[in-house]
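A.B. asks: Quick one: the structure is below, questions incoming.
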Amino acid sequence: MELQAVLMAAGGGSRMTDLTYNSPKPMLPVGNKPLMWYPLNLLERVGFEEVIVITTKEVQKMMSTDPKMKLDVKMKLDWVCIQEDGDMGTADALRHIQQKIKTDILVVSCDLITDVALHEVVDLFRAHNATLAMLMSKAHEFTETVPGQKGKKKTGNQRDFVGVDQSGKRLLFMANEADLEDGLSIRKSIMRKHPRMHIKTGLVDAHLYCLKKAVVDFLTENKSISSIRGELVPYLVRKQFSKTTNSQKNKDDAEDQNQKKNDGSTNHELLISSRDETLLQLAQDRSCWNDHHGDMSEAYHGGKLRCYVHIMDQGLCYRVNTLAAYIEANRLAPKLFEEPAVHPSAVISERCQMGSDSIIGAQCQVADKTSIKRSTIGHSTIIKEKVKVTNSIIMHGVIIEEGCNIQGSVICSNAVISRGADLKYCLVGNGQRIEPESEANTHPYIHKHTHILYIYVYIYIYI
């Protein structure tokens with residue numbers, strides 16, 4: 001393909017540290033597959049043969065040594081490891097691989113799970129010779145109870161304001177509510193060219209971007225930009241409407257002064273060009289097509305820097321960057337692939353009751369008189385007699401002894417749930433042990449020292 005694919009898989013999962021303390025975020029099991037498998041599978045299905053994977057040495061080592069973490073992809077993975085303790089943003093990561101970038105790129109985050117028709121984004125990028133094309137989706141209201149949270153999870157107050165043209169595709173404006181100290185203001189240079197703009201809220205950036213190679217080159221000269229989402233995208237959107245003629249100088253001077261303050265030390269110009277620039281300009285000069293109505297200006301008002309967005313109204317599109325999103329992803333992600341609910345190597349008792357909406361991983365053992373409903377059971381997990389598991393996520397290598405009741409909980413890898421334990425809406429850490437006959441709803445948390453880390457069991461309280 002004419003695009004190079006880049007997978008960002010070095011994030012630490014700062015908003016879900018209870019899960020990522022002992023397991024890197026890209027390796028978290030979702031539907032018994034590593035989280036990073038989902039964007040890789042998306043890329044493979046549309047024909048990519050090679051992906052640059054920016055990650056840490058820990059993730060690469062787990063991929064090569066742990067059979068449970070096998071990605072099962074046919075693409076060539078070009079691993080680029082960065083420092084685990086380094087404070088490197090996504091734009092910094094692109095700058096790090098600049099020498100590997102030979103053409104325009106498609107950047108995807110490792111925590112994206114979606115069934116989007118990827119060509120919708122790529123076609124926008126191609127058709128309009130865009131500098132940026134990105135994917136956004138409607139914000140989701142998570143329905144599952146989140147372990148460790150008292151009452152319903154409240155959504156944050158900070159919203160993104162996204163301005164699009166009448167087609168709903170051209171990205172004209174983007175700002176976060178936290179940055180709007182004096183209210184929402186739109187530059188005159190935008191309104192002159194696009195007097196009818198739709199301002200949308202309730203959208204989530206999916207962290208999937210098509211970018212010109214020139215943008216990566218630009219980043220190498222502008223080391224002040226660290227984040228794609230937080231800094232680069234807003235910069236590109238604003239830069240579309242920077243003044244290009246002296247006739248607008250007096251009107252736009254105040255706006256441009258404010259713009260320079262916002263852009264900080266970003267002083268280098270972004271030069272957008274391509275090998276086919278002459279042919280593209282010739283085709284545009286001889287065409288009667290225009291991207292707008294209402295004036296006699298040329299297509300795109302003569303602008304060379306153009307940003308577009310595909311807003312996904314229907315389908316599956318989640319960023320697994322919180323515990324609530326992780327739980328929801330485990331519930332919905334298995335719909336994206338066609339595999340048997342019970343792995344052929346699993347040993348399941350004939351006297352076990354298992355719902356059709358559950359998944360049993362490889363080499364699991366499930367004993368008599370066990371009930372499993374709306375749950376995911378990880379690889380090499382042992383579930384003994386008379387156990388009830390409902391609406392829960394059980395990761396790899398867990399042992400659940402006889403007579404346990406587990407409801408609405410997340411049990412991390414290699415944990416041991418001792419005989420007769422009753423856990424409701426709990427989060428049990430990696431490698432931890434719950435004592436026999438424990439009832440999680442009798443204390444706000446259980447805190448027990450081990451030789452490596454602590455155990456946290458959070459209690460959900462109905463109000």
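Identifiers in this document derive from the order of the structure tokens: chains are assigned A, B, ..., residues are numbered from 1 separately in each chain, and ligands are numbered from 1 in order of occurrence.
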Find the residues around segment 349-352 of chain A up to 8 Å (only C-alpha atoms counted), leave out those fewer than 6 positions away in its own chain, and share them as a PyMOL selection string.
C.D. replies: chain A and resi 366-372
A.B. asks: Apply DSSP to the backbone of this structure and, from segment 171-222 of chain A, keep only the residues in strand (DSSP E or B); write these as a ChimeraX atom specification.
C.D. replies: /A:171-176,198-200,203-211
A.B. asks: Take the residues from that selection and put them in a file with N, CA and C atoms, as a PDB file, in the first residue's frame.
C.D. replies:
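The result, written out as again.pdb:
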```
ATOM      1  N   LEU A 171     -12.478  19.189   8.631  1.00  0.00           N
ATOM      2  CA  LEU A 171     -12.257  19.537  10.031  1.00  0.00           C
ATOM      3  C   LEU A 171     -11.756  20.970  10.099  1.00  0.00           C
ATOM      4  N   LEU A 172     -12.582  21.864  10.651  1.00  0.00           N
ATOM      5  CA  LEU A 172     -12.297  23.292  10.647  1.00  0.00           C
ATOM      6  C   LEU A 172     -11.813  23.826  11.984  1.00  0.00           C
ATOM      7  N   PHE A 173     -12.238  23.193  13.055  1.00  0.00           N
ATOM      8  CA  PHE A 173     -11.969  23.752  14.378  1.00  0.00           C
ATOM      9  C   PHE A 173     -11.938  22.626  15.394  1.00  0.00           C
ATOM     10  N   MET A 174     -11.044  22.731  16.357  1.00  0.00           N
ATOM     11  CA  MET A 174     -10.995  21.748  17.436  1.00  0.00           C
ATOM     12  C   MET A 174     -10.428  22.401  18.684  1.00  0.00           C
ATOM     13  N   ALA A 175     -11.149  22.260  19.788  1.00  0.00           N
ATOM     14  CA  ALA A 175     -10.682  22.821  21.054  1.00  0.00           C
ATOM     15  C   ALA A 175     -11.292  22.033  22.201  1.00  0.00           C
ATOM     16  N   ASN A 176     -10.534  21.937  23.279  1.00  0.00           N
ATOM     17  CA  ASN A 176     -11.029  21.283  24.481  1.00  0.00           C
ATOM     18  C   ASN A 176     -11.609  22.324  25.421  1.00  0.00           C
ATOM     19  N   HIS A 198     -20.702  23.532  11.566  1.00  0.00           N
ATOM     20  CA  HIS A 198     -21.404  22.746  12.579  1.00  0.00           C
ATOM     21  C   HIS A 198     -20.437  22.449  13.721  1.00  0.00           C
ATOM     22  N   ILE A 199     -20.798  22.849  14.936  1.00  0.00           N
ATOM     23  CA  ILE A 199     -19.990  22.551  16.114  1.00  0.00           C
ATOM     24  C   ILE A 199     -20.569  21.319  16.793  1.00  0.00           C
ATOM     25  N   LYS A 200     -19.754  20.283  16.928  1.00  0.00           N
ATOM     26  CA  LYS A 200     -20.203  19.022  17.511  1.00  0.00           C
ATOM     27  C   LYS A 200     -19.492  18.776  18.839  1.00  0.00           C
ATOM     28  N   LEU A 203     -17.981  13.751  21.003  1.00  0.00           N
ATOM     29  CA  LEU A 203     -17.177  12.910  20.119  1.00  0.00           C
ATOM     30  C   LEU A 203     -15.883  12.517  20.820  1.00  0.00           C
ATOM     31  N   VAL A 204     -15.364  11.365  20.446  1.00  0.00           N
ATOM     32  CA  VAL A 204     -14.127  10.839  21.035  1.00  0.00           C
ATOM     33  C   VAL A 204     -13.123  10.594  19.922  1.00  0.00           C
ATOM     34  N   ASP A 205     -11.913  11.072  20.123  1.00  0.00           N
ATOM     35  CA  ASP A 205     -10.835  10.824  19.175  1.00  0.00           C
ATOM     36  C   ASP A 205     -10.412   9.357  19.286  1.00  0.00           C
ATOM     37  N   ALA A 206     -10.476   8.629  18.161  1.00  0.00           N
ATOM     38  CA  ALA A 206     -10.132   7.201  18.171  1.00  0.00           C
ATOM     39  C   ALA A 206      -8.634   6.958  18.099  1.00  0.00           C
ATOM     40  N   HIS A 207      -7.840   8.011  17.933  1.00  0.00           N
ATOM     41  CA  HIS A 207      -6.388   7.895  17.808  1.00  0.00           C
ATOM     42  C   HIS A 207      -5.992   7.041  16.605  1.00  0.00           C
ATOM     43  N   LEU A 208      -6.634   7.318  15.491  1.00  0.00           N
ATOM     44  CA  LEU A 208      -6.282   6.731  14.201  1.00  0.00           C
ATOM     45  C   LEU A 208      -6.139   7.892  13.218  1.00  0.00           C
ATOM     46  N   TYR A 209      -4.923   8.056  12.659  1.00  0.00           N
ATOM     47  CA  TYR A 209      -4.618   9.224  11.844  1.00  0.00           C
ATOM     48  C   TYR A 209      -3.891   8.832  10.564  1.00  0.00           C
ATOM     49  N   CYS A 210      -4.287   9.439   9.454  1.00  0.00           N
ATOM     50  CA  CYS A 210      -3.475   9.447   8.238  1.00  0.00           C
ATOM     51  C   CYS A 210      -2.737  10.779   8.207  1.00  0.00           C
ATOM     52  N   LEU A 211      -1.431  10.725   8.010  1.00  0.00           N
ATOM     53  CA  LEU A 211      -0.606  11.937   8.041  1.00  0.00           C
ATOM     54  C   LEU A 211       0.346  11.956   6.853  1.00  0.00           C
TER      55      LEU A 211
END
```
A.B. asks: Got a sec: who's within 6 Å of segment 402-419 of chain A, counting only C-alpha atoms, leaving out chain neighbours fewer than 6 positions off, as an MDAnalysis selection string?
C.D. replies: chainID A and resid 384:396 425:436
A.B. asks: Using only C-alpha atoms, which residues of segment 131-235 of chain A come within 12 Å of segment 329-335 of chain A, and what is the closest atom pair for each, with the distance in Å to one decimal? Give it as a tab-separated table, sorted by chain and residue number.
C.D. replies:
```
residue	atom	partner	partner_atom	distance
A:His140	CA	A:Ala329	CA	11.6
A:Phe142	CA	A:Ala329	CA	10.1
A:Thr143	CA	A:Arg331	CA	10.7
A:Glu144	CA	A:Arg331	CA	9.4
```
A.B. asks: Which polymer residues have any atom within 8 Å of an atom of segment 55-57 of chain A, counting only C-alpha atoms, with same-chain residues fewer than 4 positions away left out, as a list in words?
C.D. replies: Met8, Ala9, Ala10, Gly11, Lys61, Trp79, Val80, Cys81, Ile82, Gln83 and Glu84 of chain A
